[in-house]
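Below is one structure, written out as structure tokens; the observations come after it.
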Amino acid sequence: MLSAPVYEGYSYKWYKYVNDKPVVLANTASFETSENDLHIYLEMKSLGCQVSATTLVKRAKIEPQLQVLENPCEKKSLKLQGNLAGGALRIRNASGTVVKEMLLGKEAQEVVLEHGIYQLEYNHSQAACQQKAFSMQVAIQECIVSSTADEALARASSVYPNPTKDRLQVRIQDLSRGKVGFKIYSLQGLELQNWNVQKQSQNLDYELDMSRFAQGVYLLEIRTEQGIAHKRVVKD
């Protein structure tokens with residue numbers, strides 16, 4: 001609700017500009033609008049004489065959110081999308097230095113960065129807005145070049161059930177022995193967990209506990225002395 005002081009004999013006009021032309025919204029002392037991030041103008045007159053003209057901004061009461069739509073290793077870039085009509089994005093490197101600042105609205109944009117880990121901070125662009133910024137960490141990693149051994153390991157390994165609610169079974173069926181490393185990554189490229197087990201026979205059956213992870217899509221890396229394989233895992 002937007003309101004102006006009520007005075008006897010005063011007229012009120014609330015309006016906005018559309019394509020550089022004023023559009024009247026209301027002629028009362030107060031009115032309500034569902035639009036957000038909207039510049040609204042108020043004109044008050046007494047006996048035909050303008051008393052005051054005020055510019056107001058109806059600020060969105062929504063929490064800023066940021067999505068990483070694409071993070072391909074073959075490109076040093078991120079495709080990002082926000083949820084604000086007027087949003088400001090600040091990107092810091094691992095040492096905390098701001099490396100990029102830009103406006104980011106509801107349209108997806110590509111941001112070019114070097115390999116590394118970055119902190120993304122997203123908020124309303126107006127300095128007067130005191131809402132807490134959305135913050136997330138993203139890693140831009142170099143691609144892992146696939147080899148014949150990697151492809152063989154990918155064929156020899158399987159994960160099930162996929163999607164899973166809590167327990168994920170990993171099976172590796174090959175002749176190799178020795179240490180097997182596992183890593184779980186988010187789609188933003190962040191390493192969430194890593195551990196090693198010993199493969200002492202032709203088949204390895206291993207159970208992963210996924211219960212602590214939120215719903216979403218993850219990347220499971222399987223690493224042996226023979227190669228590296230990656231499996232997409234969906235957590236319900």
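For the structure tokens, the naming scheme is as follows: chains receive sequential letters (A, B, ...) according to their order of presentation, residues are indexed from 1 within each chain, and ligands are indexed from 1 in presentation order.
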
**OP:** List every residue of range 1-228 of chain A that DSSP, applied to the backbone of this structure, places in alpha helix (DSSP H), and write the result as a list in words.
**Re:** Thr148, Ala149, Asp150, Glu151, Ala152, Leu153, Ala154, Arg155 and Ala156 of chain A

Subject >> Within 7 Å of Thr28 in chain A using only C-alpha atoms, minus same-chain residues under 3 positions, as JSON, numbers by chain >> reply: {"A": [12, 13, 31]}

Keeping only N, CA and C atoms, write the selected residues to a file as a PDB file, in the first residue's frame.
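File written: out.pdb
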ATOM      1  N   TYR A  12      -4.971  14.181  -5.874  1.00  0.00           N
ATOM      2  CA  TYR A  12      -3.811  13.295  -5.913  1.00  0.00           C
ATOM      3  C   TYR A  12      -3.771  12.574  -7.257  1.00  0.00           C
ATOM      4  N   LYS A  13      -2.576  12.380  -7.742  1.00  0.00           N
ATOM      5  CA  LYS A  13      -2.411  11.611  -8.974  1.00  0.00           C
ATOM      6  C   LYS A  13      -1.159  10.754  -8.861  1.00  0.00           C
ATOM      7  N   PHE A  31      -3.229   3.960  -2.636  1.00  0.00           N
ATOM      8  CA  PHE A  31      -3.659   2.876  -3.510  1.00  0.00           C
ATOM      9  C   PHE A  31      -2.685   1.720  -3.359  1.00  0.00           C
TER      10      PHE A  31
END

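Here CA of Leu187 in chain A is placed at a distance of 24.3 Å from CA of Lys132 in chain A.
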
**OP:** Rank nothing, just name the residue among A:Leu104, A:Val18, A:Ala214, A:Ala156 nearest to Ile40 in chain A, using only C-alpha atoms.
**Re:** A:Val18

Subject >> Which of range 20-230 of chain A fall in strand (DSSP E), as a PyMOL selection string >> reply: chain A and resi 21-26+30-31+38-46+49-58+66-70+77-82+87-92+98-103+109-112+116-124+134-140+157-160+167-173+178-186+191-199+203-209+216-223+228-230

Original post:
Can you list, as an MDAnalysis selection string, every protein, DNA or RNA residue that comes within 8 Å of Asp166 in chain A when you count only C-alpha atoms, leaving out same-chain residues fewer than 4 positions away?
Top reply: chainID A and resid 209:212 235

Resulting file, chosen residues, C-alpha atoms, as a PDB file, in the first residue's frame:
ATOM      1  CA  ASP A 209      24.864 -42.646   1.822  1.00  0.00           C
ATOM      2  CA  MET A 210      23.111 -39.792  -0.013  1.00  0.00           C
ATOM      3  CA  SER A 211      20.673 -38.982   2.788  1.00  0.00           C
ATOM      4  CA  ARG A 212      22.494 -35.836   3.888  1.00  0.00           C
ATOM      5  CA  LYS A 235      18.688 -37.295  -5.371  1.00  0.00           C
TER       6      LYS A 235
END

Subject >> Selected residue, from A:Asn123, A:Thr97, A:Ser77, A:Ser176, that lies nearest to Glu225 in chain A when counting only C-alpha atoms >> reply: A:Ser176

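Neighbours of range 196-205 of chain A closer than or equal to 9 Å, with only C-alpha atoms counted and sequence neighbours fewer than 3 positions away skipped, come out as Gln169, Val170, Arg171, Ile172, Gln173, Asp174, Leu175, Ser176, Arg177, Gly178, Lys179, Val180, Gly181, Phe182 and Lys183 of chain A.
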
Original post:
Using only C-alpha atoms, which residues sit within 12 Å of Glu8 in chain A once same-chain residues fewer than 4 positions away are excluded, as a PyMOL selection string?
Top reply: chain A and resi 12+29+44-47

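Distance annotation: of A:Ser11, A:Ser157, A:Ser3, A:Asn71, the residue with the minimal separation from Ile228 in chain A is A:Ser157; atom set is only C-alpha atoms.
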